[in-house]
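This is data_35.cif. It holds mmCIF, C-alpha atoms and all ligand atoms.
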```
data_final
#
loop_
_atom_site.label_atom_id
_atom_site.label_comp_id
_atom_site.auth_asym_id
_atom_site.auth_seq_id
_atom_site.Cartn_x
_atom_site.Cartn_y
_atom_site.Cartn_z
CA MET A 13 176.30 -79.28 37.39
CA TYR A 14 178.29 -80.95 34.64
CA ALA A 15 175.42 -82.64 32.75
CA THR A 16 174.81 -80.73 29.54
CA GLY A 17 171.99 -82.43 27.66
CA LEU A 18 170.45 -85.63 26.29
CA ARG A 19 171.73 -87.62 23.34
CA CYS A 20 170.06 -90.44 21.43
CA VAL A 21 172.33 -93.49 21.29
CA ARG A 22 170.56 -94.60 18.09
CA CYS A 23 170.67 -91.47 15.89
CA GLN A 24 172.97 -89.18 17.96
CA ALA A 25 170.38 -86.35 17.95
CA ARG A 26 170.85 -83.99 20.91
CA PHE A 27 168.20 -82.50 23.16
CA PRO A 28 168.13 -80.29 26.26
CA LEU A 29 168.07 -82.03 29.66
CA GLY A 30 164.41 -81.09 30.12
CA ALA A 31 163.28 -82.64 26.82
CA ARG A 32 160.65 -85.37 26.64
CA ALA A 33 161.46 -88.96 27.55
CA THR A 34 161.89 -90.33 24.01
CA CYS A 35 163.96 -89.24 21.01
CA ALA A 36 161.87 -86.87 18.90
CA ALA A 37 163.74 -88.02 15.77
CA CYS A 38 163.52 -91.80 16.30
CA LEU A 39 160.01 -91.80 17.73
CA PRO A 40 158.31 -88.63 16.41
CA ASP A 41 154.91 -89.69 17.70
CA PRO A 42 155.14 -91.89 20.79
CA GLY A 43 151.34 -92.12 20.78
CA ASP A 44 150.38 -94.67 23.37
CA ALA A 45 153.60 -96.64 22.89
CA SER A 46 154.75 -98.08 26.18
CA ILE A 47 158.16 -99.49 27.01
CA GLU A 48 156.60 -102.86 26.24
CA ASP A 49 155.76 -101.83 22.68
CA THR A 50 158.99 -100.60 21.18
CA SER A 51 162.72 -100.64 21.85
CA LEU A 52 162.72 -97.05 20.53
CA SER A 53 161.15 -95.73 23.72
CA GLN A 54 164.52 -96.21 25.44
CA THR A 55 167.34 -94.52 23.51
CA LEU A 56 168.36 -91.40 25.44
CA ALA A 57 171.55 -90.90 27.45
CA VAL A 58 172.89 -87.94 29.44
CA ASP A 59 175.94 -86.04 28.16
CA TYR A 60 178.47 -84.21 30.37
CA ASP A 61 181.09 -81.52 29.99
CA GLU A 62 183.90 -84.02 30.46
CA ASP A 63 186.69 -81.51 29.85
CA ARG A 64 185.53 -79.61 32.92
CA LEU A 65 185.05 -82.86 34.83
CA ARG A 66 188.66 -83.87 34.22
CA SER A 67 189.80 -80.67 35.94
CA VAL A 68 187.65 -81.09 39.07
CA LEU A 69 187.62 -84.84 39.73
CA ASP A 70 190.28 -87.51 40.12
CA ARG A 71 190.76 -90.80 41.98
CA ASP A 72 192.34 -89.12 45.02
CA ARG A 73 189.48 -86.68 45.47
CA LEU A 74 186.98 -89.55 45.27
CA ALA A 75 188.91 -91.65 47.76
CA ALA A 76 188.37 -89.11 50.55
CA ARG A 77 184.56 -89.24 50.30
CA PRO A 78 182.05 -91.48 52.11
CA PRO A 79 180.60 -94.41 50.11
CA GLY A 80 177.26 -94.18 48.35
CA LEU A 81 175.55 -92.64 45.34
CA TRP A 82 176.51 -89.05 46.01
CA ARG A 83 180.19 -89.87 46.27
CA TYR A 84 180.00 -89.43 42.48
CA ALA A 85 177.87 -86.25 42.55
CA GLU A 86 179.74 -84.54 39.71
CA LEU A 87 178.98 -87.53 37.47
CA LEU A 88 175.24 -87.34 38.16
CA PRO A 89 172.65 -84.99 36.62
CA VAL A 90 171.50 -83.30 39.84
CA GLY A 91 172.63 -79.74 40.51
CA ALA A 92 171.22 -78.68 43.86
CA PRO A 93 172.63 -80.63 46.83
CA ALA A 94 169.39 -79.94 48.72
CA CYS A 95 167.47 -81.95 46.11
CA ARG A 96 169.63 -85.09 46.46
CA VAL A 97 167.60 -87.89 48.00
CA ASP A 98 169.97 -89.59 50.40
CA LEU A 99 168.85 -92.91 51.85
CA GLY A 100 172.36 -94.31 52.06
CA ALA A 101 172.03 -96.13 48.74
CA GLY A 102 175.08 -97.61 47.08
CA GLY A 103 178.36 -98.63 48.64
CA THR A 104 177.35 -102.28 48.39
CA ARG A 105 179.67 -105.25 48.83
CA LEU A 106 181.69 -106.73 45.97
CA ALA A 107 181.86 -110.32 47.17
CA ALA A 108 184.42 -112.85 45.97
CA LEU A 109 182.43 -116.04 45.28
CA THR A 110 185.36 -118.18 46.28
CA ARG A 111 183.35 -121.34 46.86
CA LEU A 112 181.23 -121.07 43.72
CA GLN A 113 184.20 -120.28 41.49
CA ALA A 114 186.09 -123.42 42.54
CA GLY A 115 186.77 -125.58 39.50
CA THR A 116 185.37 -123.07 37.00
CA GLY A 117 188.72 -121.65 35.88
CA VAL A 118 187.44 -118.09 36.23
CA GLU A 119 187.38 -115.47 38.99
CA LEU A 120 183.77 -115.00 40.06
CA LEU A 121 182.58 -111.92 41.97
CA ALA A 122 179.16 -110.60 42.93
CA LYS A 123 177.97 -107.03 43.41
CA VAL A 124 175.43 -107.60 46.18
CA GLU A 125 172.75 -105.03 45.42
CA GLY A 126 170.28 -106.53 47.88
CA GLY A 127 172.30 -104.58 50.44
CA ASN A 128 170.69 -101.31 49.33
CA PRO A 129 168.23 -99.58 51.70
CA THR A 130 165.04 -100.97 50.14
CA GLY A 131 166.63 -104.30 49.17
CA SER A 132 167.31 -103.76 45.48
CA PHE A 133 169.58 -101.88 43.08
CA LYS A 134 166.60 -99.64 42.24
CA ASP A 135 167.62 -97.29 45.05
CA ARG A 136 170.33 -96.02 42.70
CA PRO A 137 168.30 -95.18 39.54
CA ILE A 138 165.27 -94.04 41.50
CA GLY A 139 167.45 -92.06 43.93
CA VAL A 140 168.78 -90.06 40.99
CA ALA A 141 165.52 -89.83 38.99
CA ALA A 142 163.56 -88.75 42.08
CA SER A 143 166.21 -86.11 42.81
CA VAL A 144 165.91 -84.79 39.25
CA ALA A 145 162.12 -84.66 39.71
CA LEU A 146 162.47 -82.75 42.99
CA GLU A 147 164.88 -80.33 41.38
CA ARG A 148 162.17 -79.67 38.78
CA GLY A 149 159.66 -78.93 41.53
CA ALA A 150 157.75 -82.23 41.61
CA THR A 151 155.47 -82.75 44.60
CA THR A 152 153.96 -86.14 43.67
CA LEU A 153 156.24 -88.92 42.44
CA ALA A 154 154.68 -91.88 40.61
CA ALA A 155 155.69 -95.21 39.10
CA MET A 156 154.25 -98.21 37.29
CA THR A 157 156.13 -101.20 38.60
CA SER A 158 156.04 -104.85 39.56
CA GLY A 159 157.59 -103.83 42.87
CA ASN A 160 161.24 -102.90 43.34
CA ILE A 161 160.91 -99.48 41.71
CA GLY A 162 157.87 -98.87 43.88
CA SER A 163 159.73 -99.68 47.08
CA ALA A 164 162.63 -97.45 46.09
CA LEU A 165 160.36 -94.59 45.06
CA ALA A 166 158.16 -94.83 48.16
CA ALA A 167 161.23 -94.65 50.40
CA ALA A 168 162.73 -91.77 48.40
CA ALA A 169 159.47 -89.82 48.58
CA ALA A 170 159.21 -90.44 52.33
CA ARG A 171 162.77 -89.17 52.83
CA ALA A 172 162.07 -86.10 50.68
CA GLY A 173 158.71 -85.37 52.28
CA VAL A 174 156.64 -85.63 49.09
CA ALA A 175 153.81 -87.92 48.02
CA ALA A 176 154.28 -91.23 46.18
CA ARG A 177 151.69 -93.00 44.02
CA ILE A 178 152.38 -96.53 42.79
CA LEU A 179 150.55 -98.54 40.14
CA LEU A 180 151.57 -102.02 41.26
CA LEU A 181 151.55 -104.58 38.47
CA ALA A 182 151.86 -108.32 38.35
CA ALA A 183 154.78 -109.59 36.25
CA GLY A 184 155.41 -106.28 34.56
CA GLY A 185 151.70 -106.02 33.77
CA LEU A 186 152.05 -108.65 31.10
CA THR A 187 150.05 -111.53 32.37
CA GLY A 188 146.59 -110.19 33.02
CA GLY A 189 144.93 -112.06 35.83
CA GLU A 190 147.35 -115.00 35.84
CA ALA A 191 149.86 -113.54 38.27
CA GLU A 192 149.35 -111.70 41.52
CA VAL A 193 151.20 -108.68 42.74
CA SER A 194 154.11 -109.34 45.09
CA LEU A 195 152.89 -109.41 48.70
CA GLU A 196 156.33 -108.50 50.04
CA LYS A 197 156.68 -105.49 47.78
CA SER A 198 153.10 -104.33 48.26
CA ALA A 199 153.52 -104.26 52.04
CA GLN A 200 156.92 -102.62 51.81
CA ILE A 201 155.63 -99.84 49.56
CA GLN A 202 152.66 -99.15 51.83
CA ALA A 203 154.87 -99.16 54.92
CA TYR A 204 156.74 -96.18 53.47
CA GLY A 205 153.42 -94.34 53.24
CA ALA A 206 152.86 -94.52 49.49
CA ARG A 207 149.40 -95.01 48.00
CA VAL A 208 149.27 -98.24 46.01
CA PHE A 209 146.83 -99.16 43.25
CA THR A 210 146.56 -102.46 41.37
CA PRO A 211 144.98 -101.67 37.99
CA ALA A 212 143.54 -104.35 35.73
CA ALA A 213 144.74 -103.00 32.40
CA SER A 214 147.23 -103.49 29.61
CA MET A 215 150.53 -101.59 29.58
CA ARG A 216 149.18 -99.55 26.68
CA GLU A 217 146.13 -98.49 28.68
CA LEU A 218 148.30 -97.75 31.69
CA THR A 219 150.69 -95.64 29.63
CA ARG A 220 147.76 -93.52 28.48
CA LEU A 221 146.43 -93.29 32.03
CA ALA A 222 149.84 -92.20 33.27
CA ARG A 223 150.04 -89.43 30.69
CA GLU A 224 146.58 -88.21 31.70
CA ALA A 225 147.52 -88.29 35.39
CA ALA A 226 150.68 -86.31 34.68
CA GLY A 227 148.64 -83.58 33.02
CA ALA A 228 145.57 -83.51 35.25
CA LEU A 229 147.03 -84.48 38.63
CA GLY A 230 150.61 -83.24 38.28
CA TRP A 231 152.18 -86.65 38.92
CA THR A 232 155.82 -87.06 37.87
CA TRP A 233 156.41 -90.55 36.47
CA MET A 234 159.70 -92.36 36.85
CA HIS A 235 159.40 -93.94 33.37
CA ASP A 236 159.51 -90.43 31.93
CA LEU A 237 162.92 -90.04 33.60
CA ALA A 238 164.45 -93.30 32.32
CA ALA A 239 167.54 -91.52 30.97
CA PHE A 240 168.20 -90.22 34.49
CA GLN A 241 167.59 -93.62 36.04
CA ALA A 242 170.45 -94.99 33.94
CA GLU A 243 172.66 -92.29 35.48
CA GLY A 244 172.03 -93.76 38.92
CA ASP A 245 172.94 -97.18 37.56
CA LYS A 246 176.33 -95.82 36.50
CA THR A 247 177.34 -95.66 40.17
CA THR A 248 177.41 -99.48 40.31
CA ALA A 249 180.06 -99.47 37.59
CA PHE A 250 182.00 -96.75 39.41
CA GLU A 251 181.99 -98.80 42.62
CA ILE A 252 183.01 -102.03 40.90
CA CYS A 253 186.06 -100.31 39.40
CA GLU A 254 187.00 -98.62 42.67
CA GLN A 255 186.57 -101.87 44.60
CA LEU A 256 188.87 -103.63 42.10
CA GLY A 257 191.55 -100.97 42.58
CA TRP A 258 190.48 -99.16 39.39
CA ARG A 259 190.80 -102.32 37.32
CA VAL A 260 188.01 -103.28 34.94
CA PRO A 261 186.43 -106.76 35.02
CA ASP A 262 186.43 -108.86 31.85
CA TRP A 263 182.69 -109.54 32.00
CA VAL A 264 179.79 -107.85 33.77
CA VAL A 265 176.70 -110.04 33.87
CA VAL A 266 173.38 -108.37 34.59
CA PRO A 267 169.72 -109.40 34.43
CA VAL A 268 167.83 -107.53 31.70
CA GLY A 269 164.19 -106.43 31.66
CA THR A 270 163.93 -103.11 29.80
CA GLY A 271 167.73 -102.96 29.77
CA THR A 272 168.15 -99.56 31.40
CA HIS A 273 170.29 -101.11 34.17
CA LEU A 274 172.65 -102.79 31.72
CA PHE A 275 172.87 -99.60 29.66
CA GLY A 276 173.58 -97.50 32.76
CA LEU A 277 176.36 -99.85 33.87
CA TRP A 278 177.93 -99.65 30.42
CA ALA A 279 177.63 -95.85 30.40
CA GLY A 280 179.43 -95.79 33.75
CA PHE A 281 182.34 -97.95 32.60
CA ALA A 282 182.63 -95.93 29.38
CA GLN A 283 182.60 -92.62 31.24
CA LEU A 284 185.33 -93.73 33.66
CA GLN A 285 187.49 -94.74 30.73
CA ARG A 286 186.95 -91.42 28.91
CA LEU A 287 187.82 -89.52 32.10
CA GLY A 288 191.05 -91.49 32.47
CA PHE A 289 190.10 -93.26 35.73
CA THR A 290 190.37 -96.70 34.10
CA ALA A 291 191.95 -98.33 31.07
CA GLY A 292 189.75 -100.70 29.13
CA LEU A 293 186.13 -101.75 29.19
CA PRO A 294 184.26 -104.90 30.21
CA ARG A 295 182.12 -107.07 27.99
CA MET A 296 178.48 -106.74 28.99
CA ALA A 297 176.29 -109.84 29.20
CA GLY A 298 172.53 -109.50 29.53
CA VAL A 299 170.57 -112.34 31.10
CA GLN A 300 166.89 -112.88 30.38
CA PRO A 301 164.42 -115.59 31.36
CA ALA A 302 163.73 -118.16 28.63
CA GLY A 303 160.43 -117.10 27.10
CA ALA A 304 161.05 -113.39 27.80
CA ASP A 305 164.33 -113.12 25.91
CA ALA A 306 163.60 -110.33 23.41
CA MET A 307 167.18 -109.05 23.48
CA VAL A 308 168.71 -112.49 23.04
CA ARG A 309 166.62 -112.94 19.90
CA ALA A 310 167.36 -109.42 18.64
CA LEU A 311 171.11 -110.01 19.00
CA ASP A 312 170.81 -113.37 17.23
CA ARG A 313 169.08 -111.62 14.32
CA GLY A 314 171.43 -108.63 14.41
CA ASP A 315 168.42 -106.35 14.43
CA PRO A 316 168.14 -103.75 17.21
CA GLU A 317 164.57 -102.81 16.25
CA MET A 318 163.18 -105.66 18.29
CA ALA A 319 159.65 -106.71 17.73
CA PRO A 320 157.86 -107.27 21.03
CA LEU A 321 157.40 -110.91 21.94
CA ALA A 322 153.79 -111.85 21.28
CA ALA A 323 153.35 -113.45 24.67
CA VAL A 324 155.59 -113.86 27.65
CA THR A 325 155.78 -117.09 29.56
CA LEU A 326 155.29 -116.79 33.29
CA ASN A 327 158.61 -117.49 34.97
CA LEU A 328 160.34 -117.19 38.31
CA ALA A 329 162.00 -113.90 37.44
CA LEU A 330 159.03 -111.58 37.32
CA PRO A 331 160.95 -108.30 37.72
CA ILE A 332 162.83 -108.96 34.47
CA THR A 333 159.92 -110.34 32.49
CA HIS A 334 159.29 -107.91 29.63
CA ARG A 335 158.25 -108.25 26.00
CA VAL A 336 160.98 -105.98 24.69
CA ALA A 337 164.25 -104.45 25.87
CA GLY A 338 165.38 -100.97 24.97
CA HIS A 339 167.57 -100.07 22.03
CA HIS A 340 170.05 -98.58 24.50
CA ALA A 341 170.81 -102.00 26.01
CA TYR A 342 171.23 -103.58 22.58
CA HIS A 343 173.66 -100.80 21.70
CA ALA A 344 175.62 -101.32 24.93
CA VAL A 345 175.98 -105.08 24.48
CA ARG A 346 177.16 -104.68 20.89
CA ALA A 347 179.56 -101.83 21.69
CA SER A 348 181.13 -103.89 24.48
CA GLY A 349 181.62 -107.03 22.40
CA GLY A 350 179.27 -108.80 24.79
CA THR A 351 176.26 -111.02 24.44
CA ALA A 352 172.89 -111.95 25.91
CA VAL A 353 171.82 -115.34 27.19
CA ALA A 354 168.53 -116.91 28.24
CA VAL A 355 168.29 -119.00 31.40
CA THR A 356 165.59 -121.39 32.56
CA ASP A 357 163.59 -121.35 35.77
CA ALA A 358 165.52 -124.43 36.92
CA GLU A 359 168.85 -122.67 36.37
CA MET A 360 167.70 -119.59 38.28
CA ARG A 361 166.41 -121.68 41.14
CA GLN A 362 169.70 -123.57 41.37
CA ALA A 363 171.55 -120.25 41.35
CA VAL A 364 169.41 -118.92 44.23
CA LEU A 365 170.15 -122.04 46.28
CA ASP A 366 173.87 -122.12 45.45
CA LEU A 367 174.36 -118.45 46.36
CA ALA A 368 172.50 -118.95 49.64
CA THR A 369 173.93 -122.30 50.73
CA ARG A 370 177.51 -121.81 49.55
CA GLU A 371 178.11 -118.08 49.80
CA GLY A 372 175.53 -116.89 52.35
CA ILE A 373 173.91 -114.53 49.85
CA TYR A 374 170.11 -114.57 49.61
CA THR A 375 168.67 -113.20 46.37
CA GLU A 376 165.40 -113.28 44.50
CA PRO A 377 165.39 -115.42 41.34
CA ALA A 378 165.61 -112.41 39.01
CA ALA A 379 168.86 -111.44 40.73
CA ALA A 380 170.32 -114.95 40.78
CA ALA A 381 169.74 -115.01 37.02
CA ALA A 382 173.09 -113.20 36.81
CA LEU A 383 174.93 -116.23 38.24
CA ALA A 384 172.95 -118.57 36.00
CA GLY A 385 173.97 -116.40 33.03
CA ALA A 386 177.63 -116.38 34.09
CA ARG A 387 177.56 -120.17 34.21
CA THR A 388 176.22 -120.20 30.65
CA LEU A 389 179.10 -117.95 29.55
CA ILE A 390 181.63 -120.23 31.25
CA ALA A 391 180.13 -123.40 29.78
CA SER A 392 180.07 -121.94 26.26
CA GLY A 393 183.66 -120.73 26.47
CA ALA A 394 182.62 -117.10 25.95
CA ALA A 395 184.19 -116.38 29.34
CA TRP A 396 187.76 -117.54 28.86
CA PRO A 397 189.90 -119.26 31.53
CA GLY A 398 191.23 -116.78 34.04
CA SER A 399 188.68 -114.11 33.19
CA ARG A 400 187.20 -111.98 35.96
CA ILE A 401 183.41 -112.01 35.96
CA VAL A 402 181.22 -109.70 38.06
CA CYS A 403 177.61 -110.84 38.51
CA VAL A 404 175.28 -108.02 39.49
CA LEU A 405 172.90 -109.59 42.02
CA THR A 406 170.13 -107.03 41.74
CA SER A 407 167.92 -107.67 44.76
CA HIS A 408 167.48 -109.36 48.13
CA GLY A 409 165.74 -112.70 48.54
CA LEU A 410 163.31 -111.23 51.06
CA LYS A 411 161.67 -109.58 48.04
CA ALA A 412 160.34 -112.96 46.90
CA SER A 413 160.25 -115.10 50.03
CA VAL A 414 156.53 -115.89 49.75
CA ALA A 415 157.02 -117.53 46.35
CA MET A 416 160.26 -119.27 47.33
CA ARG A 417 158.70 -120.67 50.50
CA ALA A 418 157.13 -123.36 48.32
CA TRP A 419 160.59 -124.75 47.51
CA PHE A 420 161.09 -126.05 51.02
CA PRO A 421 159.26 -128.48 53.29
CA PRO A 422 157.67 -126.92 56.35
CA PRO A 423 160.09 -127.06 59.31
CA PRO A 424 159.23 -130.08 61.50
CA ARG A 425 157.51 -129.45 64.82
CA ILE A 426 159.28 -131.21 67.68
CA GLU A 427 158.70 -132.02 71.33
CA PRO A 428 161.01 -130.16 73.75
CA ARG A 429 163.13 -133.29 74.46
CA LEU A 430 166.78 -133.91 73.57
CA ASP A 431 166.06 -137.21 71.80
CA ALA A 432 163.39 -135.57 69.64
CA LEU A 433 165.74 -132.73 68.76
CA ALA A 434 168.62 -135.12 68.04
CA ASP A 435 166.39 -137.26 65.82
CA ALA A 436 165.11 -134.25 63.90
CA ALA A 437 168.65 -132.89 63.52
CA ALA A 438 170.19 -136.19 62.39
CA PRO A 439 171.95 -135.99 59.03
CA GLY A 440 169.67 -136.89 56.16
CA GLU A 441 168.91 -135.83 52.67
CA PRO A 442 169.53 -132.08 52.37
CA ARG A 443 166.14 -130.48 52.04
CA GLY A 444 165.12 -128.26 49.19
CA HIS A 445 168.33 -128.75 47.22
ZN ZN B 501 167.12 -90.90 17.98
#
```

Kindly transcribe the structure held in the file into structure tokens.
Ligand SMILES: [Zn+2]
Amino acid sequence: MYATGLRCVRCQARFPLGARATCAACLPDPGDASIEDTSLSQTLAVDYDEDRLRSVLDRDRLAARPPGLWRYAELLPVGAPACRVDLGAGGTRLAALTRLQAGTGVELLAKVEGGNPTGSFKDRPIGVAASVALERGATTLAAMTSGNIGSALAAAAARAGVAARILLLAAGGLTGGEAEVSLEKSAQIQAYGARVFTPAASMRELTRLAREAAGALGWTWMHDLAAFQAEGDKTTAFEICEQLGWRVPDWVVVPVGTGTHLFGLWAGFAQLQRLGFTAGLPRMAGVQPAGADAMVRALDRGDPEMAPLAAVTLNLALPITHRVAGHHAYHAVRASGGTAVAVTDAEMRQAVLDLATREGIYTEPAAAAALAGARTLIASGAAWPGSRIVCVLTSHGLKASVAMRAWFPPPPRIEPRLDALADAAAPGEPRGH
């Protein structure tokens, strides 16, 4: 294995790979702090022996391997091949959005992460974090999640033959009784054989409960392996560069909740450049829902120590609705010369419909937020004419079909006669647009 340790992106302190989940210098006493309480709970990154890596890995050696996460095994923090969870994650399509880019003056592409085995990009970070847990001897894998992490973890645990326990939250656990858990994700998680619980509690209470369950029940929590999740996210950056013939896009636009995904993407682009696979780096753009835009506000203030938003407005994009994003994501956006933008429910809805009706790509609103964010960058001039923009479409629309069903009229019932069918099929106002 080429991973050598953990490093804090805020203070540069170094720790062994097996150290605790937060920086002991930046956050000496995590107490009951949850990822919703402080951006300091997310500052750690994995370091590698990159001199050794340069001697064992090059573009030609990669080109001969099958697609997927483990194509990049040397660049991931898992040593034992037997511990690698392999569901066939990764290797997703980089789609040219030729119809949606018309008239924009930019080149618009989409990394279609809904094509992963459980329907979201989470198969990458959880595939790696679960593998790290297995390598450490874990027998029960656990997660607190509004859904996509739970689906990915339940599938990974099933593949590995270990137990999965999921605390399934509504809207990131932020909205008390106002929102319900996702029916699609709840069923999907249970279908993989995981035990699902829906606690009525604050994130702070749940964080304490998780720590107690780790000690008393031996559960291994995915949020304690966040630094390793970001390593899985690096593979999306690796694929984007390979799919572009080892060229780097000008902008990478990604929805941001805690920001680990955006940070992992940035870490991937930066690592490829250091290893000499690519020249240059993209600008990273984070997209958040209006009302849950902690990172947008932090960047506006120039202060990475973001205060949690007091309350978060319910919005369409529940998977990326958080009160605070991690310091690591703030660092990545600044280092890249990028930005963060907030988008409205109406903009996300329009993006879902445009991707589906004009490109044949069905996403949940949180994923389509990337296109809505790209449009904001184009309109503001931040994305210059001729620039190449990759939108990371994080999840499949089937993840949120129950909610989106309300956007459309019920399909008309018809009699089995040609005239009835012809009448019903006659051109009219497009529905739901
Ligand atoms: Zn630190």

Provide the CA of Ile47 (chain A) to CA of Arg220 (chain A) distance in Å, to one decimal place.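 CA of Ile47 (chain A) sits 12.1 Å away from CA of Arg220 (chain A).
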
Any idea what the distance is between CA of Thr50 (chain A) and CA of Glu243 (chain A)? 21.5 Å

For Phe240 (chain A), list every protein, DNA or RNA residue within 10 Å, evaluated using all atoms listed in the file, and leave out those in the same chain fewer than 5 positions away; present the list as a CSV table (one decimal) with C-alpha atoms, in the frame of the given file.
```csv
chain,number,residue,atom,x,y,z
A,18,LEU,CA,170.4,-85.6,26.3
A,29,LEU,CA,168.1,-82.0,29.7
A,33,ALA,CA,161.5,-89.0,27.6
A,56,LEU,CA,168.4,-91.4,25.4
A,57,ALA,CA,171.6,-90.9,27.4
A,58,VAL,CA,172.9,-87.9,29.4
A,88,LEU,CA,175.2,-87.3,38.2
A,89,PRO,CA,172.6,-85.0,36.6
A,90,VAL,CA,171.5,-83.3,39.8
A,137,PRO,CA,168.3,-95.2,39.5
A,138,ILE,CA,165.3,-94.0,41.5
A,139,GLY,CA,167.4,-92.1,43.9
A,140,VAL,CA,168.8,-90.1,41.0
A,141,ALA,CA,165.5,-89.8,39.0
A,142,ALA,CA,163.6,-88.8,42.1
A,143,SER,CA,166.2,-86.1,42.8
A,144,VAL,CA,165.9,-84.8,39.2
A,145,ALA,CA,162.1,-84.7,39.7
A,234,MET,CA,159.7,-92.4,36.8
A,235,HIS,CA,159.4,-93.9,33.4
A,245,ASP,CA,172.9,-97.2,37.6
A,272,THR,CA,168.2,-99.6,31.4
A,276,GLY,CA,173.6,-97.5,32.8
```

I'd like the interatomic distance between CA of Arg111 (chain A) and CA of Leu383 (chain A), to a tenth of an Å.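 Pair CA of Arg111 (chain A) / CA of Leu383 (chain A) returns 13.1 Å.
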
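Distances to Phe289 (chain A) were evaluated for A:Gly257, A:Pro301, A:Gly314, A:Gly338 using all atoms listed in the file, and the minimum falls at A:Gly257.
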
Which protein, DNA or RNA residues have an atom within 9 Å of ligand ZN 501 (chain B), counting all atoms listed in the file, as a PDB file with C-alpha atoms, keeping the file's coordinate frame?
```
ATOM      1  CA  ARG A  19     171.730 -87.620  23.340  1.00  0.00           C
ATOM      2  CA  CYS A  20     170.060 -90.440  21.430  1.00  0.00           C
ATOM      3  CA  VAL A  21     172.330 -93.490  21.290  1.00  0.00           C
ATOM      4  CA  ARG A  22     170.560 -94.600  18.090  1.00  0.00           C
ATOM      5  CA  CYS A  23     170.670 -91.470  15.890  1.00  0.00           C
ATOM      6  CA  GLN A  24     172.970 -89.180  17.960  1.00  0.00           C
ATOM      7  CA  ALA A  25     170.380 -86.350  17.950  1.00  0.00           C
ATOM      8  CA  ARG A  26     170.850 -83.990  20.910  1.00  0.00           C
ATOM      9  CA  THR A  34     161.890 -90.330  24.010  1.00  0.00           C
ATOM     10  CA  CYS A  35     163.960 -89.240  21.010  1.00  0.00           C
ATOM     11  CA  ALA A  36     161.870 -86.870  18.900  1.00  0.00           C
ATOM     12  CA  ALA A  37     163.740 -88.020  15.770  1.00  0.00           C
ATOM     13  CA  CYS A  38     163.520 -91.800  16.300  1.00  0.00           C
ATOM     14  CA  LEU A  39     160.010 -91.800  17.730  1.00  0.00           C
ATOM     15  CA  LEU A  52     162.720 -97.050  20.530  1.00  0.00           C
ATOM     16  CA  THR A  55     167.340 -94.520  23.510  1.00  0.00           C
ATOM     17  CA  LEU A  56     168.360 -91.400  25.440  1.00  0.00           C
TER      18      LEU A  56
END
```

Best match for closeness to Lys134 (chain A) among A:Arg259, A:Lys246, A:His343, A:Arg309, counting only C-alpha atoms: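 Once distances to Lys134 (chain A) are computed over only C-alpha atoms, the minimum belongs to A:Lys246.
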
For His273 (chain A), the closest of A:Ala94, A:Ala242, A:Ala415, A:Leu165 counting only C-alpha atoms is A:Ala242

Minimum-distance residue to Trp396 (chain A), chosen among A:His340, A:Arg425, A:Arg295, A:Arg346 (using all atoms listed in the file): A:Arg295

From the options A:Leu326, A:Ala304, A:Val414, A:Val266, which residue's atoms come nearest to Ala384 (chain A), counting all atoms listed in the file?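 Distance minimum relative to Ala384 (chain A) lands on A:Val266.
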
Using only C-alpha atoms, can you tell me which of A:Thr333, A:Ser132, A:Thr232, A:Thr116 comes closest to Ala154 (chain A)?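 Selected residue with least distance to Ala154 (chain A): A:Thr232.
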
Extract, using only C-alpha atoms, all DNA, RNA and protein residues at most 9 Å from Gln255 (chain A), discarding same-chain residues fewer than 5 positions from it, and format them as an mmCIF file with C-alpha atoms, in the coordinates of the input.
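Now in part06.cif:
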```cif
data_model
loop_
_atom_site.group_PDB
_atom_site.id
_atom_site.type_symbol
_atom_site.label_atom_id
_atom_site.label_comp_id
_atom_site.auth_asym_id
_atom_site.auth_seq_id
_atom_site.Cartn_x
_atom_site.Cartn_y
_atom_site.Cartn_z
ATOM 1 C CA ARG A 105 179.670 -105.250 48.830
ATOM 2 C CA LEU A 106 181.690 -106.730 45.970
ATOM 3 C CA PHE A 250 182.000 -96.750 39.410
#
```

Extract, using only C-alpha atoms, all DNA, RNA and protein residues at most 10 Å from Ala329 (chain A), discarding same-chain residues fewer than 2 positions from it, and format them as a compact mmCIF listing (two decimals) with C-alpha atoms, in the coordinates of the input.
```txt
# COMPACT_ATOMS: atom_id res chain seq x y z
CA ALA A 183 154.78 -109.59 36.25
CA PRO A 267 169.72 -109.40 34.43
CA GLY A 269 164.19 -106.43 31.66
CA GLN A 300 166.89 -112.88 30.38
CA PRO A 301 164.42 -115.59 31.36
CA ALA A 302 163.73 -118.16 28.63
CA ALA A 304 161.05 -113.39 27.80
CA LEU A 326 155.29 -116.79 33.29
CA ASN A 327 158.61 -117.49 34.97
CA PRO A 331 160.95 -108.30 37.72
CA ILE A 332 162.83 -108.96 34.47
CA THR A 333 159.92 -110.34 32.49
CA THR A 356 165.59 -121.39 32.56
CA ASP A 357 163.59 -121.35 35.77
CA MET A 360 167.70 -119.59 38.28
CA ARG A 361 166.41 -121.68 41.14
CA GLU A 376 165.40 -113.28 44.50
CA PRO A 377 165.39 -115.42 41.34
CA ALA A 378 165.61 -112.41 39.01
CA ALA A 379 168.86 -111.44 40.73
CA ALA A 380 170.32 -114.95 40.78
CA ALA A 381 169.74 -115.01 37.02
CA ALA A 412 160.34 -112.96 46.90
```

I need every residue sitting at most 9 Å from the point (172.8, -107.6, 44.3) (coordinates as in the file, only C-alpha atoms considered), written as an MDAnalysis selection string. chainID A and resid 104:105 122:128 131:133 373 375 379:380 403:408
